[in-house]
Amino acid sequence: MKKVLITRKFPEQFVTPLREVAEVIEWHEELEVMPRAELLAQVGDVDAIWATLEDRIDEELLDRAPKLKMVSNLAVGYNNLSIDLFKERGIMSTNTPNVLTNATADLAFGLLIATARRLVEGADYLRAGEWKGWSPMQLTGMEVSGATIGIIGMGRIGSAVARRSRGFDMEVLYHNRNRKYEHEEMYGFRYRQLDDLLKESDFVVVLTPYTAETHHLIGERELKLMKKTAVLINVSRGGIVDEDALYNALLNKDIWAAGLDVFEKEPIALDHPLLTLPNVVALPHIASASVKTRHDMFQTNLEALLTFIDDDKPKNRLT
Ligand code: DGY
């Protein structure tokens with residue numbers, strides 16, 4: 001029987017089918033990451049790992065896992081996997097594309113509106129008993145309808161955000177490694193070089209994958225190119241935005257606000273300077289967190305693992 005390590009407590013209905021065909025070892029916590037030392041101690045004789053984006057499957061771990069042949073990652077992003085080493089060592093890996101596109105795009109758009117229209121600040125203001133009645137310019141924000149949105153990373157989720165923007169009569173600009181001519185023709189989205197996108201957009205939405213090339217893609221220089229009234233939204237990975245530079249840009253009013261679902265270090269420390277700013281809406285990495293989507297993600301990974309156990313080639317392979 002193959003041995004599978006699950007690095008978190010997952011809903012039982014997605015683990016039972018695995019137990020029937022494999023020996024399963026699980027971490028017993030749902031909310032807490034399996035400690036690194038525990039993870040390293042457990043991988044010695046496993047054939048597969050069912051991992052979350054919090055687990056670094058890197059050289060140190062691979063060196064201790066000589067039997068490892070398969071990693072299923074409960075995320076579409078896979079910056080936690082050392083993919084080049086996987087290729088070198090013939091280790092398969094799969095992720096969860098497609099099933100989380102809509103939930104993530106919905107959240108990106110919700111965060112954009114929440115940030116632009118100061119929803120969290122307004123709700124806090126009311127509950128703090130500060131609301132003395134309607135007032136003409138109180139808690140006024142940035143208009144979403146008819147504004148220009150600039151999407152960095154026009155993959156599946158970028159395209160889904162862009163299509164939602166059309167419902168708000170927004171002009172859609174995008175920047176991507178490869179130009180997407182079919183999107184330009186079909187939907188009228190317009191390609192821009194990164195600097196031009198930053199200069200022209202009222203909303204900049206970061207949706208590119210996190211790689212060595214996109215580390216701190218948005219730093220001091222890029223933030224200074226943006227409009228002073230612009231809003232930055234990041235639902236991809238925290239490391240794409242230089243948080244120190246973002247803090248300074250928000251403090252100095254180089255940009256107007258930021259909506260962040262992801263951070264360089266997660267969970268973000270409660271004394272992080274970004275959390276002191278009223279013009280930051282911060283969420284705990286919940287872009288794909290609808291019940292349906294999370295279940296679909298589990299199911300996608302489960303099917304890949306069952307296929308691997310059957311000595312077949314799973315779908316959604318990264319390597
Ligand atoms: C992903 O899938 O990469 C998200 O960050 C979590 O759903």
# chains A, B, ... in the order shown; residues from 1 in each chain; ligands from 1
$ closest_atom_pairs --of "region 163-232 of chain A" --to "region 257-261 of chain A" --cutoff "10 Å" --atoms "only C-alpha atoms" --output "JSON lines"
{"residue": "A:Phe203", "atom": "CA", "partner": "A:Ala258", "partner_atom": "CA", "distance": 9.5}
{"residue": "A:Val204", "atom": "CA", "partner": "A:Ala258", "partner_atom": "CA", "distance": 9.4}
{"residue": "A:Val205", "atom": "CA", "partner": "A:Gly259", "partner_atom": "CA", "distance": 9.3}
{"residue": "A:Val206", "atom": "CA", "partner": "A:Leu260", "partner_atom": "CA", "distance": 9.8}
{"residue": "A:Lys228", "atom": "CA", "partner": "A:Ala257", "partner_atom": "CA", "distance": 9.2}
{"residue": "A:Thr229", "atom": "CA", "partner": "A:Ala257", "partner_atom": "CA", "distance": 8.0}
{"residue": "A:Ala230", "atom": "CA", "partner": "A:Ala257", "partner_atom": "CA", "distance": 6.9}
{"residue": "A:Val231", "atom": "CA", "partner": "A:Ala257", "partner_atom": "CA", "distance": 4.9}
{"residue": "A:Leu232", "atom": "CA", "partner": "A:Ala258", "partner_atom": "CA", "distance": 4.6}
$ residues_near_ligand --ligand "ligand 1" --cutoff "8 Å" --atoms "only C-alpha atoms and all ligand atoms" --output "PyMOL selection string"
chain A and resi 53+74-78+96-97+100+104+235-237+262+285-289+294
$ residues_around --residues "Arg177 (chain A)" --least-positions-apart "5" --cutoff "10 Å" --atoms "only C-alpha atoms" --output "number ranges by chain"
A: 152-155, 193, 208
$ closest_residue --among "A:Thr7, A:Thr293, A:Thr276, A:Thr214" --to "Ala105 (chain A)" --atoms "only C-alpha atoms"
A:Thr293
$ residues_around --residues "region 11-13 of chain A" --least-positions-apart "3" --cutoff "12 Å" --atoms "only C-alpha atoms" --output "JSON, numbers by chain"
{"A": [6, 8, 16, 17, 18, 19, 20, 26, 28, 29, 30, 291, 294, 295, 297, 298, 299, 302]}
$ closest_residue --among "A:Ile240, A:Lys67, A:Arg156, A:Ala212" --to "Ala103 (chain A)" --atoms "only C-alpha atoms"
A:Arg156
$ closest_residue --among "A:Asp124, A:Met70, A:Val15, A:Arg89" --to "Asp312 (chain A)" --atoms "only C-alpha atoms"
A:Met70
